[in-house]
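Encoded as structure tokens, the structure appears first; notes follow it.
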Amino acid sequence: MNMHAKHSADATTVEEGLAIQEEQAKYDDNFATETAMANTLLTPRFYTTNFDELDAINVDGIRAEWDELIAQMEADPNKGHFKKNEDWDHVDWENMEPQLKKEFIDFLISSCTAEFSGCVLYKEMKRRGNNKDITQLFQLMARDEARHAGFINDALREAGLRVNLGFLTQSKKYTYFRPKFIYYATYLSEKIGYARYITIFRHLEANPEHRFHPIFKWFEEWCNDEFSHGEAFALLMKTDPKLTQGKNVLWIKFFLTAVYATMYVRDHQRPAFHKALGVDPDWYAHEVFAKTSKLSEQIFPITLDIDHPRWQPTLEKLQRANVQIAEAKAQGGVGGKLREMAGAAKAAMCFFSLYTIPAKKHEVPENTRLVPAY
Amino acid sequence: MGLLTKEIERAPCTVEISHCFESLHAHVRFNNGAVIYPGDEVKVQGPEIMAPFGEVVSEDREAIIVRASKLEQLWTRLTGDFEVMELCEFSFSEEVML
């Protein structure tokens, strides 16, 4: 891989910077083709929600917990942390095993896009809201997400990949999510993100020979941000007890099942990544589910029974169904279509089977706030 | 807003793109107070805006807002929730094989 002569960060004028980027883009395109990454254009989605409902949130009932969390986020303990320093070891992209490289770049791009989309969503909520408590929270979270995205972007640049932010000049349709679905989905996403990162971080602390890229050294602080964001969503849900009672418990179970199952399937699609880390994806999944369940007890009245005899075999079946769908799509034709439909039916059955495993019920504690302890 | 007809609006906007280490973000702000509703489509006019690495670029542009019809707006409100899982972050893309 030949490196670019000059970095756009060194450009003195916008024109010069653009010219360097143009030059780099040609190279990036080649690299993108070589590594089968179709495109590095970030494609965040755009959302609207019921902003009146957000404005109506009243945090007075949980004021002490709320103020403490906001103060902690405002103090910004991670400011200046997401920078390359002497701990950022040289990355030998050239000699990285090709499959690992593909999977790792998929990891970087997906993570960057997710942080970026989070930033867009939170910023929109900040801008459209009129409730000072809520807009302040979303502003702080948008800051963290943009910071993480910038950090991952830097790792991508080192790999020769340019992230394209030109999506704004493409037509964007705004979809709609109900606030409560945003709470359930993002709460779980932040908490499972914490569990995922901290599990890898601790594993690599014990087995540093598997740390094939320096970015993993930053996982601890990174996931502490995810942790606080999760805390914020837990408190938001606490302002309205109905969100975690009655029929909504079925929604909570749905989100828990969907998030765990999706994580299981996606991780098993990246064998080279996990092999390089020296992590067995089945062990990893169980570890992450156990931690996430423990954490989510802070606000959810149920947790999934991940030790139920049906749990693991059904996840494995779901994974196989997913592979069948992908292979059938690639096969094409009538035969392919039929196999694809059969695979989809199998996947739906598996999901139903997972969803109907009786959940574990428990009392939700009086005090919601937790601190990262794993 | 018609039940089936779409209306097109133009709105002055400010686009801010930050391609910095400290922050990677891109936002559009409508300067005439235009509000986006479910199902609306927004397109910022003009060439792609690129921020060189290490810079924040802010440009005033015009955006075209294609307003969703009443029916489309209702449809988006009813069905948008199905896609809510995309808010979850799973570290990897959904591609089965790379």
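Just remember, in the structure tokens the first chain shown is A, the second B, etc., residues are 1-based per chain, and ligands are 1-based in the order shown.
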
Chain A contacts on chain B, only C-alpha atoms, 7 Å, as a PyMOL selection string: chain B and resi 20-25+37-45+48-50+52-54+76-77+80-81+84-85+87-94+96-98

Strand (DSSP E or B) call set, DSSP backbone run, chain B, as an MDAnalysis selection string: chainID B and resid 7:19 24:30 41:44 56:67

Just want the 9 Å neighbourhood of region 345-354 of chain A, counted on only C-alpha atoms, with same-chain residues fewer than 6 positions away dropped. Output as a JSON list (two decimals) with C-alpha atoms, in the first residue's frame.
```json
[["chain", "number", "residue", "atom", "x", "y", "z"],
["A", 257, "THR", "CA", -34.60, -10.61, 22.40],
["A", 258, "ALA", "CA", -34.06, -8.72, 19.15],
["A", 261, "ALA", "CA", -30.22, -12.26, 18.78],
["A", 310, "ARG", "CA", -33.68, -23.60, 24.40],
["A", 311, "TRP", "CA", -31.66, -20.37, 24.30],
["A", 314, "THR", "CA", -32.06, -21.65, 19.00],
["A", 315, "LEU", "CA", -29.50, -18.87, 18.54],
["A", 317, "LYS", "CA", -30.31, -22.30, 14.46],
["A", 318, "LEU", "CA", -31.08, -18.64, 13.82],
["A", 319, "GLN", "CA", -27.51, -18.08, 12.72],
["A", 320, "ARG", "CA", -27.73, -20.99, 10.25],
["A", 321, "ALA", "CA", -31.05, -19.68, 8.90],
["A", 322, "ASN", "CA", -29.41, -16.32, 8.32]]
```

Thr14 (chain B) surroundings by only C-alpha atoms, 7 Å radius, close-in-sequence under 3 positions cut, as a list of chain:residue names: B:Val28, B:Arg29, B:Phe30, B:Asn31, B:Ser58, B:Glu59, B:Asp60, B:Arg61

Polymer residues at most 12 Å from Ala290 (chain A), only C-alpha atoms, same-chain spacing of 4 or more positions, as a PyMOL selection string: chain A and resi 191-192+195-196+199+260+283-286+294-297+303-307+374

Å distance separating CA of His274 (chain A) from CA of Arg211 (chain A), one decimal place: 11.0 Å

Contacts of Ile8 (chain B) within 9 Å, only C-alpha atoms, excl. fewer than 5 positions in-chain, as a ChimeraX atom specification: /B:64-67

Distance criterion (only C-alpha atoms): nearest to Asn85 (chain A) out of A:Leu235, A:Ile215, A:Ala373, A:Ala328: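 Closest residue, counting only C-alpha atoms: A:Ile215.
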
Members of region 137-186 of chain A assigned helix (DSSP H, G or I) by DSSP, as a PyMOL selection string: chain A and resi 137-158+166-169+179-186

Could you save the residues just selected, with C-alpha atoms, as a PDB file, in the first residue's frame?
```pdb
ATOM      1  CA  LEU A 137     -28.782  15.969  27.853  1.00  0.00           C
ATOM      2  CA  PHE A 138     -29.013  15.412  24.109  1.00  0.00           C
ATOM      3  CA  GLN A 139     -26.453  18.105  23.422  1.00  0.00           C
ATOM      4  CA  LEU A 140     -23.979  16.349  25.725  1.00  0.00           C
ATOM      5  CA  MET A 141     -24.618  12.972  24.160  1.00  0.00           C
ATOM      6  CA  ALA A 142     -24.237  14.391  20.644  1.00  0.00           C
ATOM      7  CA  ARG A 143     -20.856  15.767  21.709  1.00  0.00           C
ATOM      8  CA  ASP A 144     -19.647  12.334  22.816  1.00  0.00           C
ATOM      9  CA  GLU A 145     -20.865  10.585  19.692  1.00  0.00           C
ATOM     10  CA  ALA A 146     -19.198  13.116  17.384  1.00  0.00           C
ATOM     11  CA  ARG A 147     -16.002  12.709  19.353  1.00  0.00           C
ATOM     12  CA  HIS A 148     -16.046   8.937  19.031  1.00  0.00           C
ATOM     13  CA  ALA A 149     -16.819   9.209  15.336  1.00  0.00           C
ATOM     14  CA  GLY A 150     -13.816  11.511  14.896  1.00  0.00           C
ATOM     15  CA  PHE A 151     -11.568   9.052  16.647  1.00  0.00           C
ATOM     16  CA  ILE A 152     -12.678   6.080  14.552  1.00  0.00           C
ATOM     17  CA  ASN A 153     -12.417   8.226  11.451  1.00  0.00           C
ATOM     18  CA  ASP A 154      -8.780   8.795  12.247  1.00  0.00           C
ATOM     19  CA  ALA A 155      -8.179   5.053  12.467  1.00  0.00           C
ATOM     20  CA  LEU A 156      -9.907   4.657   9.116  1.00  0.00           C
ATOM     21  CA  ARG A 157      -7.747   7.328   7.536  1.00  0.00           C
ATOM     22  CA  GLU A 158      -4.704   5.435   8.658  1.00  0.00           C
ATOM     23  CA  GLY A 166     -21.352  14.393   1.310  1.00  0.00           C
ATOM     24  CA  PHE A 167     -24.603  12.637   2.140  1.00  0.00           C
ATOM     25  CA  LEU A 168     -26.371  15.890   2.985  1.00  0.00           C
ATOM     26  CA  THR A 169     -26.585  16.832  -0.665  1.00  0.00           C
ATOM     27  CA  PRO A 179     -40.139   8.154  21.791  1.00  0.00           C
ATOM     28  CA  LYS A 180     -40.570   5.005  23.862  1.00  0.00           C
ATOM     29  CA  PHE A 181     -39.094   2.850  21.123  1.00  0.00           C
ATOM     30  CA  ILE A 182     -36.139   5.204  20.949  1.00  0.00           C
ATOM     31  CA  TYR A 183     -35.684   4.791  24.711  1.00  0.00           C
ATOM     32  CA  TYR A 184     -35.802   0.996  24.665  1.00  0.00           C
ATOM     33  CA  ALA A 185     -33.584   0.628  21.617  1.00  0.00           C
ATOM     34  CA  THR A 186     -30.961   3.212  22.504  1.00  0.00           C
TER      35      THR A 186
END
```

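Between CA of Asn131 (chain A) and CA of Ala64 (chain A) the separation is 17.5 Å.
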
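You will find CA of Glu97 (chain A) at 17.0 Å from CA of Val279 (chain A).
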